[in-house]
Structures are given as C-alpha cells and as structure tokens.
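J.: Take this structure, written in structure tokens, and hold onto it; I'll ask about it next.
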Amino acid sequence: MLDPITVNIASLNLALLTPMAVLAFGALALICIDLFVKDLSKSFFVMFTLLFILLDFTALIGINGPSRGFFDVLLVDGMSTLAQGVILISSALFIITALSNKPFKEFKKAEYYALFMFMIIGFQFMVATDNLVLIFLGLETASLSLYTLIALHNRNKAFEAAIKYFTMGALAAGFFAMASLILYTLTGSIELSVISKVLIARNFAPGAFVLAGVVFMLIALGFKLSIVPTHTWTPDVYEGSSAPLAGYMSVVPKIAGLVVAIRFFDIFLSSQIVWVQNILIFLAVITMTLANITALVQEDVKRMLAFSSIAHAGFVLTAIMVGGTQANSAIFLYWILFMFTNIGAFTMLWIARHKRNLWDTRYQHPFAKFSGMVKVSPMMATIFGIFMFTLAGMPPFSVFWGKLYLISSVVNSGHVVLAVIMVTNSAIAVYYYMKLIVYMFMKDPITEDGNIYEANSSTPIKVIVGITLFFTVTAAVFVQPILSFVTQMIQSSGY
Amino acid sequence: MEHILSLIVFFPLIAGLFGLVVNKENIKTFGIAVALVEFIFSIILWIGFDSTNAGYQFVQYVALIPQFGVSYYLGVDGISLFLVVLSTLMTLISLVGLNIKKDIKNLVITILFLEMTLVGVFLSLDMILFYIFWELSLIPMLYIIGAWGSGQRVYAAIKFFLYTFAGSALMLVGILYLGYQYYLATGTWSFAVPDWYLLVLPFNTQLWLFGAFFLAFAVKVPMFPFHTWLPYAHGQAPTIGSVLLAAVMLKMGTYAFIRFSLPFFPDASVYFLYPVAIVATIMVIYAAMVAYAQKDMKQVIAYSSISHMGIIILGTFAMNAEGLTGSIFLMLSHGIVSGALFMLVGVIYDRRHTKLMSEFGGLATVMPRYAAIFGVLMMAAVGLPLTIGFVGEFLSLLGFYRVSWIITLFAGSGIILGAVYMLTLFRKSFFGKVTNEKNKNLKDLDKREFTALIPLVALVVILGVYPKPILSTIDLSVKKMINLMERKALLPDTKEFLVKVNSIGGTK
C-alpha cells in the first residue's frame with residue numbers, strides 16, 4: 001500500500017508564484033469587469049493593466065528566500081528575476097503606447113488586455129523554471145496569446161502575420177516537444193539540472209541522441225530567437241503587426257528564449273563540449289551576417305528593423321556560446337540597453353503611423369516617407385536619428401556599452417576571430433541604419449506638413465519616447481549600476 | 001582651472017543645445033560667440049599650462065564603470081595642447097568665414113557638436129572615452145557633407161563614414177584585447193592610457209595589435225592606399241566641412257599614432273618602421289603627382305593634404321625628438337595652411353560656382369588682396385623658409401634623416417613636387433591676362449572673409465619666424481614619451497635603434 005503523501009505548505013514556497021498569480025488575478029478580473037460594465041474606455045484598460053504589471057513587479061522584487069518552490073518545479077534565481085524584470089518593464093512601456101491619438105479597434109476590447117497579461121504570465125513561467133514541461137507550457141501560453149494579439153490588429157496583413165507566426169510557432173513547439181522527449185528518453189528526467197548531472201556522469205554518450213536533442217532544441221529556440229535559418233517569419237510578422245507590438249516582439253519573447261537557451265546550453269558549455277560551441281558559433285555568424293546583408297536591401301523601415309533585430313539576436317548568441325559570468329552578464333546588459341532603444345525606435349514608427357499607405361503601395365513606412373524629415377519635424381528626426389545610431393552601436397549611446405562588454409567577453413574567451421567578425425558586422429550594419437538617417441537629414445522633404453509624422457502621437461506616447469530616449473542617451477551613467485546588479489544576479493544563480 | 005578640460009570639451013555641446021532655441025537670424029552670431037569663448041578657454045588653458053612639466057596636466061578622473069575599468073579621464077600635455085588650440089581656432093575661423101544660408105541653424109549647431117568631439121579626441125586619456133569621441137566625430141561630419149555638400153554629396157558622405165567606421169572596427173577589438181591583457185597582468189580592469197603605458201606586451205601580441213590600431217589610424221590620416229575617400233569627401237563637402245576635415249580631423253589619425261601606437265607597441269613600431277616609411281614616402285610622391293594632374297583647385301589642395309600627411313607620418317616614425325616634435329608642429333601648420341587654402345577656394349567658388357583652374361587666369365589683377373593672401377599661404381604650403389610650413393617639414397625630414405637618408409631623399413623630392421603643383425595652380429589661376437569674361441568684375445575679399453583669413457596669415461608668418469615657444473613645449477612631452485618607449489622596449493634591436501636615432505651622429 002502506498003504511503004500517504006503529505007505536503008507541507010511551507011515547503012511549496014508559494015511566494016515564488018505570487019508575481020504570476022497577481023497578474024493572473026488581474027487578467028481574470030478584467031474579463032469579469034468587462035462583463036458587468038459596458039463601454040469601458042481604452043484609458044481604463046491601459047491603466048488597469050499597467051497597475052497590475054506594477055503589482056507584479058513589486059511582488060517580484062519582494063521575493064526573497066529559497067529559489068526553488070512548488071515541488072521544485074519553479075526556479076526563481078537571479079537570472080530569472082532579471083529576465084522577469086526586463087519582461088515587465090518592456091510590457092509596461094509597451095502597454096502605454098496603446099494610448100495613441102488615433103483609435104484602433106483592438107484597444108477597445110478587454111480581451112486584448114487580458115490576453116496581453118496572460119502572455120506576460122507565460123513568459124514569466126518560461127524563465128522561472130528549469131523544467132522542460134513548464135517551459136513548454138509557458139512558451140505555448142505566451143505564444144498563443146501573442147498570435148491573437150497580432151491578429152486583433154484587424155488588418156489583412158495582421159491576419160497574414162498571425163497565421164504565419166502561428167504556423168511557424170506550432171512547428172517550433174513540435175521541435176521543442178521532440179527535444180524534450182529525446183532528453184527524457186536519454187536521462188529519465190525533464191529537469192535541466194538532473195539532465196545535466198546524468199549527461200555529465202555518462203560523458204554525453206550516446207552522442208547521436210544527444211546531438212539530436214541539441215539540434216531539435218536549437219531549432220525550437222531558433223524560431224523564438226529568430227536565428228538563421230529559422231528566421232524567415234520575422235520580417236513578415238513584424239510588418240503585419242502594429243509597430244509597438246513588433247518592437248515588443250523583438251525584445252520580450254527573445255529574452256525569454258535567451259534565458260532558456262542559457263540554461264540549456266550551459267549543460268554542454270560548462271563541460272567544454274566543442275561541437276556545441278562550434279554549432280553556436282556557426283549559427284551566430286551566419287545569423288548576424290545574413291541578417292545584416294538582407295537588411296541592406298530592405299525598402300521599408302519596419303522590415304529593416306526586423307532584420308536588425310535578427311542581427312542583434314545573432315550578436316547575443318555569441319555570448320551564449322562563450323558562457324560564464326561575464327558573457328551572461330553581457331547578454332543581460334546588452335538586452336536591457338537594447339530594450340530601451342528598440343522600443344523607442346518602434347514607438348517612433350508608431351507615432352508616424354498613417355491610416356493609408358501614402359508613399360508606397362505595399363509598405364507603411366518606406367524610407368522615402370522620411371525624406372527631409374529634419375526640415376519639417378526636426379525634433380522627431382533627431383530623436384529617430386539617435387535611435388538609429390544607437391542600434392548601430394555608435395558610442396556613447398546605450399547599445400554601444402552592451403556591445404563593448406559583449407565583444408570583450410568574446411575576446412576574453414580567446415575567440416578573437418569571432419570578435420573581428422562581430423565588429424565587421426557592426427560596420428556593415430551601420431550602413432542600413434544610416435540609410436534612414438540619410439533620408440531624414442540629407443534629402444529634400446516630400447511634404448510640407450510635419451504633422452504627418454506625428455499623426456498618431458499623444459502625450460503618453462511622447463513620455464514613452466522621452467523615457468527611452470533618456471536611457472539611450474545617458475546610458476553611460478547607468479551602465480555601472482546595471483552591470484554590477486546584473487553581474488551579482490547572474491553570479492548568485494551560478495552561471 | 002580645476003575643471004577647465006571638462007569645460008572645454010562640453011561647453012560647445014551645452015552651447016549647441018542652447019542654440020536650438022536661438023533664432024535662425026542670429027544663430028551665426030551665436031555660433032561665433034560660442035566658438036570665441038571656447039577659443040578663449042583654450043588660450044587660458046595654454047597660459048595656465050606649465051611648459052616645464054612634461055606630464056599630464058589639469059587631469060580629471062572620474063570612474064565611470066569601475067567594474068569594467070572605463071573612466072572619464074581627461075588630461076593635456078605638450079602633445080595635445082596645441083592640437084586643442086588648433087581645433088578651437090579653426091572652428092572659430094571657419095564659423096567667421098561661413099556664408100551658407102540654407103538651414104544655417106542646423107549647420108552651426110552641428111559645427112559646435114563637431115568641435116566637442118574634436119577637442120574630446122585630443123583630451124581623452126581613457127581608450128574607451130577616446131573611442132567614443134573618435135566615432136562620434138563622424139556623425140556631424142556625415143551630416144555636414146551630406147546635407148550641405150554639392151554634387152554627389154550623399155555618396156561622398158556615406159563613403160567617408162563607412163570607410164572610417166569600418167577602419168576603426170578592428171581597433172575596438174584591439175582596445176578590448178589590450179584591456180584584457182592589462183587585466184591578466186594586473187588583476188584589475190583599466191582602459192586608462194597612462195596605465196597602459198606601463199604594460200609591456202610580448203612581441204607577437206604587439207605585432208597584431210599594432211596592425212589593428214594602424215588600420216584605424218591609417219584610414220583617418222588617410223594613408224595610401226586608404227586615401228580614396230578623402231578627395232571625394234573634399235570634392236563634395238562645403239567649405240566649412242573641408243576646412244575642419246583637413247585642418248583638424250585628419251590630425252586625429254597622426255595624433256593617435258603618436259599617443260597610442262608608438263608608446264603602446266614600441267617594438268612593433270620599430271619592426272614596422274620601414275614598411276610604414278615606404279608607404280608614407282609613396283604617399284608623399286604619389287599624392288603630389290596626382291595633385292599636379294588635377295584640374296580642380298580644391299582637389300589639388302586635397303591631394304596636397306595627403307602628401308603633407310605623408311611627411312607627418314615620416315616625422316612620427318623617425319621616433320626621435322626632432323622628428324616627433326616636427327611632425328606635431330607640421331600638424332599645426334598644415335592645419336592652419338590647408339584650412340586657409342580651403343577657405344580661399346571657397347571664396348572663389350562662392351563667386352563663380354566653379355573650382356576649375358581653366359576657368360580662371362589673371363585673378364591677380366582683379367582680386368589683388370585675394371591673390372596676395374593666396375600667395376602667402378601657398379608659400380607656406382610648399383614649405384618656404386620663414387613660413388610656418390618650413391619648420392615642421394624641415395624638422396620631420398631632419399628627424400627621419402637619422403633613420404634613413406635615402407627615404408628622406410625621396411620624401412624631400414616630394415617637397416619639390418609640392419612646389420611644382422602649387423606654383424602651377426597659382427600661375428594658371430592668378431597670373432596672365434584675364435581671359436574669361438566672367439572674371440572681369442569679381443569682387444575682392446570682403447570684410448567677413450578678410451577677418452577670417454588675416455589671423456591665419458599672421459600666424460603663418462609669426463610662427464614661421466619664431467616657433468620656439470611652441471616647439472619647446474612639445475619637445476618636453478615628446479622626449480618623455482621617447483624615454484618611455486626606450487624603457488618599455490623588449491628587444492635589444494629596438495633599444496639600440498632608439499638610442500641610435502636619438503643621439504647626434506649616431507654616437508653617444
């Protein structure tokens with residue numbers, strides 16, 4: 001006869017669940033409120049969501065104590081806290097952009113906000129565990145919500161984007177399931193920490209199966225991180241989504257994916273498995289190179305930014321390959337700095353949104369649209385220019401510091417050639433960012449009316465641009481506090 | 001005086017931001033006022049500078065990212081002092097001579113930003129800070145060429161930007177690698193230049209690091225064969241862009257050679273001495289020949305810049321006090337002379353909207369004052385004794401004579417070629433009869449142009465006759481640096497070479 005199982009509530013350490021629980025409560029409450037109260041306005045939804053994101057954040061900061069909980073499924077270590085912080089801050093910045101000047105259907109629906117909150121929960125779970133099944137659940141919760149959010153934008157392109165993303169995402173989910181299955185078969189566990197121990201004890205034999213597990217996992221994560229060759233959905237999906245959502249997608253799902261990638265590849269890299277390193281180097285190099293070269297020929301700013309975000313992901317992948325405290329800290333430093341700039345840049349596109357495609361039959365934001373912008377709207381042009389130079393890694397703006405620290409970690413690990421490839425790539429990248437600057441600053445204006453670039457602007461959105469711009473420009477001052485905090489968190493989680 | 005360096009670096013930035021509010025009609029006056037104040041600051045710096053102290057003065061140090069060793073570290077010594085004064089002077093003069101009306105507000109603010117970055121490059125004592133200003137200086141110049149240039153301005157601007165950006169990409173890896181070497185050697189991170197001066201690197205490491213830095217600096221100088229962006233940029237740039245590009249921005253490269261390449265990698269510098277010297281000699285002769293073949297006045301001066309930069313490189317790689325002091329002095333004199341020449345070409349371009357020599361002839365009779373000033377500056381450009389051009393050129397070549405007389409001979413022939421193309425230019429444009437109808441009624445220099453040019457002409461003569469106050473200040477810091485190189489040198493060959501070139505007649 002089985003012994004009765006007794007579970008001590010204290011040992012579950014439910015406090016670790018509070019951040020997600022708070023937000024889940026918020027999402028459910030929002031749906032209920034919407035049932036009873038008619039004609040809720042956009043401003044209510046946004047502020048309500050923002051409130052719960054902040055509560056979530058407070059709960060996250062409040063956590064201290066053991067990092068494991070809920071039958072050891074949850075793992076809220078330093079890295080997880082950091083990633084959740086990034087996710088929540090980007091979400092807060094993102095949701096405010098809904099307060100745009102022009103009305104949009106999706107922003108009037110309570111479901112949009114509820115789904116948004118569920119998506120955040122999904123991503124939070126994804127980074128707060130090392131259990132493959134919970135990662136899978138988090139990933140799917142988040143992705144399914146995200147597909148719907150894209151589709152709610154209610155344009156033909158948006159449907160196309162949602163379907164495309166859904167199809168690709170489903171494929172990725174399949175690969176993830178396969179990878180988990182193989183790893184479970186090999187080791188009898190779905191927890192990365194146990195898998196790691198078993199594999200190391202067995203010296204990573206049998207090689208073919210381990211290879212298969214790694215490859216399947218790589219493909220699954222590759223879809224989420226938009227690593228070449230699984231990046232093809234990215235530009236189309238970004239193009240179809242609303243600009244802020246595209247910016248959000250280039251930051252949040254990727255940080256979640258990066259955390260999973262760090263946790264997973266650490267198993268192999270900490271034991272110096274060379275072939276895993278080589279695969280990662282190869283993927284990183286082709287990802288940044290191909291993305292940069294493709295970005296050169298884009299005619300639409302949003303698509304260009306999509307390829308740029310692929311290139312940035314390739315850049316960061318090198319740090320995963322390097323491993324260790326400095327490299328992992330570099331990933332987070334890079335991504336935190338990148339987050340502000342990239343959200344700022346996409347928000348600028350959002351401000352310049354116009355109902356009709358005025359300049360091109362296909363594209364909403366062709367380069368020509370921004371011709372001579374400095375003459376009709378100098379402030380906007382300058383801000384946009386700063387964001388572009390920042391993404392290109394020009395010093396002393398934010399992304400430069402991330403790039404510096406990241407390349408330094410690559411150099412320190414002895415991969416000097418890789419570092420040279422990386423800087424060469426950033427020299428290529430500068431060309432397409434500069435293309436927009438050339439249009440804005442050196443061409444003659446095509447319109448007299450500067451308002452066309454601010455059609456969708458509103459005070460809250462300007463505040464968002466202001467915040468992101470502030471952190472972008474004055475990053476030099478914040479690097480030290482961010483870096484020491486990040487390093488401390490990463491060290492405490494044992495990476 | 002404590003914070004004067006920070007003041008000098010950031011005053012133009014702050015003033016430029018204030019300039020955003022200033023009315024469009026008054027922005028030029030505002031710009032001149034700011035540049036004048038900035039120039040006065042740099043003069044105060046010069047006055048306050050202790051010329052008996054070879055080390056860094058007015059040092060300012062704030063740890064920016066202590067964990068990673070990045071700091072805000074400024075300091076000035078004899079090597080950088082006059083380059084700072086040159087930057088502020090040329091910015092002031094070029095703003096006085098400015099007569100662009102289109103989008104003048106953006107232009108003036110951009111010039112002020114550019115001034116900040118130029119001064120920042122010369123004052124930074126932290127490699128990361130240096131790299132920041134180095135890269136940042138590209139943005140204003142990109143905008144100046146791209147927005148106010150002529151012809152294929154956008155192409156020229158992008159070419160300029162990409163060339164220099166790509167060139168310095170490798171330097172970033174070099175900086176990070178050196179930083180890591182420092183970390184390995186000492187256990188702490190630091191990117192401070194004086195710290196790195198103490199770091200002795202293995203010979204092989206020196207070799208490739210020298211290469212990584214060399215590429216960045218060579219593109220900037222620009223050294224043959226990386227020079228192709230320069231004539232193009234000059235061809236399309238507006239006058240003010242050309243003036244600042246030729247007078248100050250090119251000096252960033254040669255300054256960096258002296259400040260970083262030589263003391264960081266003494267053995268590699270000596271090892272690569274002859275290849276570099278040969279390239280520099282090719283630059284001198286080849287660019288002079290190309291300059292002779294040009295039809296466009298501005299292109300002649302652009303190529304003559306390349307030719308002169310070759311002599312500066314030679315002087316630098318002589319690695320003795322004469323050569324280095326001479327090359328720094330030549331940087332100053334070339335800055336003043338080429339800046340003034342570009343302004344003069346700008347003057348005639350404003351009147352005729354062409355720079356082709358064949359369009360002119362007999363200008364001396366129509367514009368006597370213009371011709372006289374042009375004449376003086378041309379003399380300085382060819383290095384006539386008692387002009388500013390002579391001092392630097394002579395010292396640089398004298399310095400290199402200790403290293404190799406044959407290379408010096410070839411490079412010296414470049415000076416003769418220089419006289420050939422400059423005099424040809426002068427003859428074609430100024431002498432003879434006025435053949436072109438359009439030239440008959442050209443106005444001579446007006447008050448604005450006169451105000452801008454006279455100080456430069458005065459400097460050409462005064463410093464040509466009595467360069468000592470400047471030379472002695474430079475000399476002290478240069479000697480200290482050579483001493484450092486000698487102490488740091490790993491290989492006996494390097495030590496021997498440094499002793500040889502630094503003693504008269506090769507003996508002690």
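Each chain in the structure tokens gets a letter, A, B and so on, in the order shown; residues start at 1 in every chain, and ligands are counted from 1 in the order they appear.
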Identify every residue of chain A that has at least one atom within 9 Å of any atom of chain B, counting only C-alpha atoms, and report the result as a PDB file with N, CA and C atoms, in the first residue's frame.

T.:
ATOM      1  N   LYS A 375      13.664  68.817 -41.834  1.00  0.00           N
ATOM      2  CA  LYS A 375      13.245  70.182 -42.145  1.00  0.00           C
ATOM      3  C   LYS A 375      11.824  70.468 -41.720  1.00  0.00           C
ATOM      4  N   PHE A 389      21.410  55.498 -34.720  1.00  0.00           N
ATOM      5  CA  PHE A 389      22.840  55.406 -34.440  1.00  0.00           C
ATOM      6  C   PHE A 389      23.091  54.503 -33.236  1.00  0.00           C
ATOM      7  N   MET A 394      26.749  53.022 -32.153  1.00  0.00           N
ATOM      8  CA  MET A 394      27.621  54.191 -32.054  1.00  0.00           C
ATOM      9  C   MET A 394      27.808  54.557 -30.589  1.00  0.00           C
ATOM     10  N   PRO A 395      29.028  54.812 -30.174  1.00  0.00           N
ATOM     11  CA  PRO A 395      29.218  55.325 -28.822  1.00  0.00           C
ATOM     12  C   PRO A 395      28.741  56.765 -28.750  1.00  0.00           C
ATOM     13  N   PRO A 396      28.386  57.292 -27.609  1.00  0.00           N
ATOM     14  CA  PRO A 396      28.338  56.652 -26.297  1.00  0.00           C
ATOM     15  C   PRO A 396      26.932  56.198 -25.927  1.00  0.00           C
ATOM     16  N   LEU A 404      30.141  46.612 -26.325  1.00  0.00           N
ATOM     17  CA  LEU A 404      31.506  46.649 -25.803  1.00  0.00           C
ATOM     18  C   LEU A 404      31.747  45.490 -24.840  1.00  0.00           C
ATOM     19  N   TYR A 405      30.828  45.344 -23.903  1.00  0.00           N
ATOM     20  CA  TYR A 405      31.017  44.328 -22.878  1.00  0.00           C
ATOM     21  C   TYR A 405      30.903  42.931 -23.486  1.00  0.00           C
ATOM     22  N   ILE A 407      31.507  42.036 -26.714  1.00  0.00           N
ATOM     23  CA  ILE A 407      32.688  41.707 -27.516  1.00  0.00           C
ATOM     24  C   ILE A 407      33.871  41.436 -26.597  1.00  0.00           C
ATOM     25  N   SER A 408      33.935  42.209 -25.516  1.00  0.00           N
ATOM     26  CA  SER A 408      35.016  41.966 -24.556  1.00  0.00           C
ATOM     27  C   SER A 408      34.961  40.541 -24.027  1.00  0.00           C
ATOM     28  N   VAL A 411      36.286  38.311 -26.686  1.00  0.00           N
ATOM     29  CA  VAL A 411      37.742  38.427 -26.792  1.00  0.00           C
ATOM     30  C   VAL A 411      38.414  37.689 -25.638  1.00  0.00           C
ATOM     31  N   ASN A 412      37.874  37.883 -24.440  1.00  0.00           N
ATOM     32  CA  ASN A 412      38.494  37.256 -23.269  1.00  0.00           C
ATOM     33  C   ASN A 412      38.475  35.748 -23.342  1.00  0.00           C
ATOM     34  N   VAL A 416      39.177  35.605 -30.816  1.00  0.00           N
ATOM     35  CA  VAL A 416      39.441  36.922 -31.383  1.00  0.00           C
ATOM     36  C   VAL A 416      38.881  37.040 -32.801  1.00  0.00           C
ATOM     37  N   ALA A 419      35.372  37.839 -32.700  1.00  0.00           N
ATOM     38  CA  ALA A 419      35.186  39.246 -32.340  1.00  0.00           C
ATOM     39  C   ALA A 419      35.379  40.137 -33.560  1.00  0.00           C
ATOM     40  N   VAL A 420      36.365  39.782 -34.385  1.00  0.00           N
ATOM     41  CA  VAL A 420      36.588  40.585 -35.593  1.00  0.00           C
ATOM     42  C   VAL A 420      35.388  40.472 -36.523  1.00  0.00           C
ATOM     43  N   VAL A 423      32.676  42.788 -35.142  1.00  0.00           N
ATOM     44  CA  VAL A 423      32.810  44.235 -35.399  1.00  0.00           C
ATOM     45  C   VAL A 423      32.669  44.533 -36.882  1.00  0.00           C
ATOM     46  N   THR A 424      33.117  43.603 -37.725  1.00  0.00           N
ATOM     47  CA  THR A 424      32.917  43.808 -39.155  1.00  0.00           C
ATOM     48  C   THR A 424      31.432  43.885 -39.452  1.00  0.00           C
ATOM     49  N   SER A 426      29.141  44.853 -37.435  1.00  0.00           N
ATOM     50  CA  SER A 426      28.521  46.104 -36.985  1.00  0.00           C
ATOM     51  C   SER A 426      28.898  47.239 -37.930  1.00  0.00           C
ATOM     52  N   ALA A 427      30.036  47.081 -38.624  1.00  0.00           N
ATOM     53  CA  ALA A 427      30.355  48.091 -39.640  1.00  0.00           C
ATOM     54  C   ALA A 427      29.420  47.973 -40.835  1.00  0.00           C
ATOM     55  N   ILE A 428      29.024  46.730 -41.170  1.00  0.00           N
ATOM     56  CA  ILE A 428      28.049  46.572 -42.258  1.00  0.00           C
ATOM     57  C   ILE A 428      26.716  47.152 -41.814  1.00  0.00           C
ATOM     58  N   VAL A 430      25.956  49.450 -39.856  1.00  0.00           N
ATOM     59  CA  VAL A 430      25.838  50.892 -39.779  1.00  0.00           C
ATOM     60  C   VAL A 430      25.270  51.461 -41.084  1.00  0.00           C
ATOM     61  N   TYR A 431      25.514  50.753 -42.167  1.00  0.00           N
ATOM     62  CA  TYR A 431      25.054  51.275 -43.458  1.00  0.00           C
ATOM     63  C   TYR A 431      23.542  51.366 -43.537  1.00  0.00           C
ATOM     64  N   MET A 434      22.109  53.918 -41.316  1.00  0.00           N
ATOM     65  CA  MET A 434      22.439  55.241 -41.818  1.00  0.00           C
ATOM     66  C   MET A 434      21.556  55.621 -42.987  1.00  0.00           C
ATOM     67  N   LYS A 435      21.044  54.606 -43.688  1.00  0.00           N
ATOM     68  CA  LYS A 435      20.184  54.875 -44.830  1.00  0.00           C
ATOM     69  C   LYS A 435      18.999  55.749 -44.401  1.00  0.00           C
ATOM     70  N   VAL A 438      20.222  59.158 -43.715  1.00  0.00           N
ATOM     71  CA  VAL A 438      20.467  59.877 -44.964  1.00  0.00           C
ATOM     72  C   VAL A 438      19.153  60.427 -45.505  1.00  0.00           C
ATOM     73  N   PHE A 441      17.939  63.337 -43.083  1.00  0.00           N
ATOM     74  CA  PHE A 441      18.739  64.543 -42.918  1.00  0.00           C
ATOM     75  C   PHE A 441      19.269  65.129 -44.218  1.00  0.00           C
ATOM     76  N   MET A 442      19.360  64.327 -45.265  1.00  0.00           N
ATOM     77  CA  MET A 442      20.060  64.824 -46.448  1.00  0.00           C
ATOM     78  C   MET A 442      19.193  64.953 -47.678  1.00  0.00           C
ATOM     79  N   LYS A 443      17.996  64.399 -47.646  1.00  0.00           N
ATOM     80  CA  LYS A 443      17.161  64.530 -48.836  1.00  0.00           C
ATOM     81  C   LYS A 443      16.215  65.713 -48.641  1.00  0.00           C
ATOM     82  N   ALA A 476      25.635  55.898 -20.447  1.00  0.00           N
ATOM     83  CA  ALA A 476      26.984  55.801 -19.876  1.00  0.00           C
ATOM     84  C   ALA A 476      26.951  55.854 -18.353  1.00  0.00           C
ATOM     85  N   VAL A 477      26.012  56.621 -17.819  1.00  0.00           N
ATOM     86  CA  VAL A 477      25.936  56.789 -16.372  1.00  0.00           C
ATOM     87  C   VAL A 477      25.300  55.565 -15.708  1.00  0.00           C
ATOM     88  N   PHE A 478      24.407  54.899 -16.456  1.00  0.00           N
ATOM     89  CA  PHE A 478      23.663  53.798 -15.833  1.00  0.00           C
ATOM     90  C   PHE A 478      24.338  52.449 -16.006  1.00  0.00           C
ATOM     91  N   VAL A 479      25.345  52.408 -16.851  1.00  0.00           N
ATOM     92  CA  VAL A 479      25.953  51.106 -17.137  1.00  0.00           C
ATOM     93  C   VAL A 479      26.507  50.483 -15.868  1.00  0.00           C
ATOM     94  N   GLN A 480      27.211  51.282 -15.066  1.00  0.00           N
ATOM     95  CA  GLN A 480      27.822  50.707 -13.866  1.00  0.00           C
ATOM     96  C   GLN A 480      26.784  50.098 -12.919  1.00  0.00           C
ATOM     97  N   PRO A 481      25.755  50.860 -12.521  1.00  0.00           N
ATOM     98  CA  PRO A 481      24.769  50.220 -11.632  1.00  0.00           C
ATOM     99  C   PRO A 481      24.102  49.000 -12.264  1.00  0.00           C
ATOM    100  N   LEU A 483      25.274  47.060 -14.602  1.00  0.00           N
ATOM    101  CA  LEU A 483      26.240  45.973 -14.761  1.00  0.00           C
ATOM    102  C   LEU A 483      26.516  45.285 -13.432  1.00  0.00           C
ATOM    103  N   SER A 484      26.699  46.078 -12.369  1.00  0.00           N
ATOM    104  CA  SER A 484      27.031  45.420 -11.104  1.00  0.00           C
ATOM    105  C   SER A 484      25.829  44.627 -10.598  1.00  0.00           C
TER     106      SER A 484
END

J.: Leaving out Leu463 in chain B and any residue of its chain fewer than 4 positions from it, which residues lie within 8 Å of it when counting only C-alpha atoms, given as JSON, numbers by chain?

T.: {"B": [387, 388, 459, 467]}

J.: Find the residue from B:Asp296, B:Asp446, B:Glu437, B:Glu393 that sits nearest to Tyr421 in chain B; use only C-alpha atoms when measuring.

T.: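 Closest residue, counting only C-alpha atoms: B:Asp296.
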
J.: Please provide as a PyMOL selection string all residues within 7 Å of range 239-254 of chain A, with the sequence filter that same-chain residues fewer than 6 positions apart are discarded (counting only C-alpha atoms).

T.: chain A and resi 87+90+94+97+150+153+157-158+161+224-225+302-303+309+339+342-343+346-347+349-350

J.: Hey, can you check how far CA of Gly211 in chain B sits from CA of Ala268 in chain B?

T.: 9.0 Å

J.: Find, counting only C-alpha atoms, the residue in A:Phe209, A:Leu418, A:Thr141, A:Tyr113 that gets nearest to Met126 in chain A.

T.: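 Under the stated criterion, the closest residue is A:Thr141.
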
J.: Return the single residue from A:Ala177, A:Leu290, A:Ala306, A:Ile95 that is closest to Leu50 in chain A, with distances computed using only C-alpha atoms.

T.: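 Nearest to Leu50 in chain A: A:Ile95.
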
J.: One number please: CA of Thr29 in chain B to CA of Val108 in chain B, in Å, one decimal.

T.: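 For CA of Thr29 in chain B relative to CA of Val108 in chain B, the distance reads 9.7 Å.
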
J.: Mind listing the helix (DSSP H, G or I) residues of range 216-364 of chain B, per DSSP on the backbone, as number ranges by chain?

T.: B: 216-220, 229-236, 239-264, 266-271, 273-293, 297-317, 321-352, 357-359, 363-364

J.: Which residues are near range 259-265 of chain B? Cut-off 6 Å, only C-alpha atoms, ignore same chain within fewer than 2 positions. Put them as a PyMOL selection string.

T.: chain B and resi 197+206+256-257+267-269+485

J.: Pick out the residues sitting within 7 Å of range 37-43 of chain A, and hand them over as a CSV table (one decimal) with C-alpha atoms, in the first residue's frame; count only C-alpha atoms, and ignore anything fewer than 2 positions along from it in its own chain.

T.:
chain,number,residue,atom,x,y,z
A,33,ILE,CA,-15.4,43.7,-15.0
A,34,ASP,CA,-15.9,43.8,-18.8
A,35,LEU,CA,-18.9,41.5,-18.4
A,45,PHE,CA,-7.9,49.2,-19.7
A,46,VAL,CA,-4.4,50.5,-20.1
A,47,MET,CA,-4.2,51.9,-16.6
A,99,LEU,CA,-2.9,55.3,-25.7
A,107,PHE,CA,-7.6,48.7,-28.0
A,108,LYS,CA,-11.3,48.9,-27.1

J.: Please identify all polymer residues within 7 Å of range 85-91 of chain B, counting only C-alpha atoms, omitting same-chain residues fewer than 2 positions from it, and present them as a list in words.

T.: Ala35, Glu38, Phe39, Ser42, Ile43, Leu81, Phe82, Leu83, Ile93, Ser94, Leu95, Glu115, Leu118, Val119, Leu244, Val248 and Leu332 of chain B

J.: Kindly export the residues of the current selection with C-alpha atoms, as a compact mmCIF listing (two decimals), in the first residue's frame.

T.:
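Saved as result-v3.txt:
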# COMPACT_ATOMS: atom_id res chain seq x y z
CA ALA B 35 33.44 79.45 -30.63
CA GLU B 38 35.76 78.25 -26.46
CA PHE B 39 38.88 79.61 -28.13
CA SER B 42 41.81 77.05 -24.87
CA ILE B 43 44.07 80.09 -24.68
CA LEU B 81 47.76 71.14 -26.03
CA PHE B 82 48.31 72.81 -29.38
CA LEU B 83 46.02 70.46 -31.24
CA ILE B 93 37.72 80.96 -38.09
CA SER B 94 35.56 78.68 -40.18
CA LEU B 95 32.43 79.96 -38.47
CA GLU B 115 34.04 70.89 -32.05
CA LEU B 118 37.40 67.01 -31.88
CA VAL B 119 38.54 68.50 -28.61
CA LEU B 244 37.52 71.28 -40.45
CA VAL B 248 41.60 69.06 -37.61
CA LEU B 332 49.55 72.53 -36.60

J.: Please list as JSON, numbers by chain every residue within 9 Å of Leu386 in chain B, counting only C-alpha atoms and excluding residues in the same chain fewer than 2 positions away.

T.: {"B": [380, 383, 384, 388, 389, 390, 391, 460, 461, 462, 463, 464, 465, 466]}

J.: The selected residues should be written to file as an mmCIF file, in the first residue's frame (atoms: C-alpha atoms).

T.:
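Below is the file that was written, selection.cif:
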data_model
loop_
_atom_site.group_PDB
_atom_site.id
_atom_site.type_symbol
_atom_site.label_atom_id
_atom_site.label_comp_id
_atom_site.auth_asym_id
_atom_site.auth_seq_id
_atom_site.Cartn_x
_atom_site.Cartn_y
_atom_site.Cartn_z
ATOM 1 C CA ALA B 380 53.647 78.212 -46.534
ATOM 2 C CA GLY B 383 57.400 74.975 -47.114
ATOM 3 C CA LEU B 384 59.287 78.136 -47.851
ATOM 4 C CA ILE B 388 55.105 78.071 -40.766
ATOM 5 C CA GLY B 389 55.256 75.223 -43.272
ATOM 6 C CA PHE B 390 59.010 75.138 -43.329
ATOM 7 C CA VAL B 391 59.603 74.482 -39.636
ATOM 8 C CA VAL B 460 51.799 81.668 -40.787
ATOM 9 C CA VAL B 461 54.378 84.401 -40.614
ATOM 10 C CA ILE B 462 54.781 84.760 -36.848
ATOM 11 C CA LEU B 463 55.152 81.077 -36.127
ATOM 12 C CA GLY B 464 57.306 80.694 -39.201
ATOM 13 C CA VAL B 465 59.784 83.194 -37.861
ATOM 14 C CA TYR B 466 59.634 82.311 -34.194
#
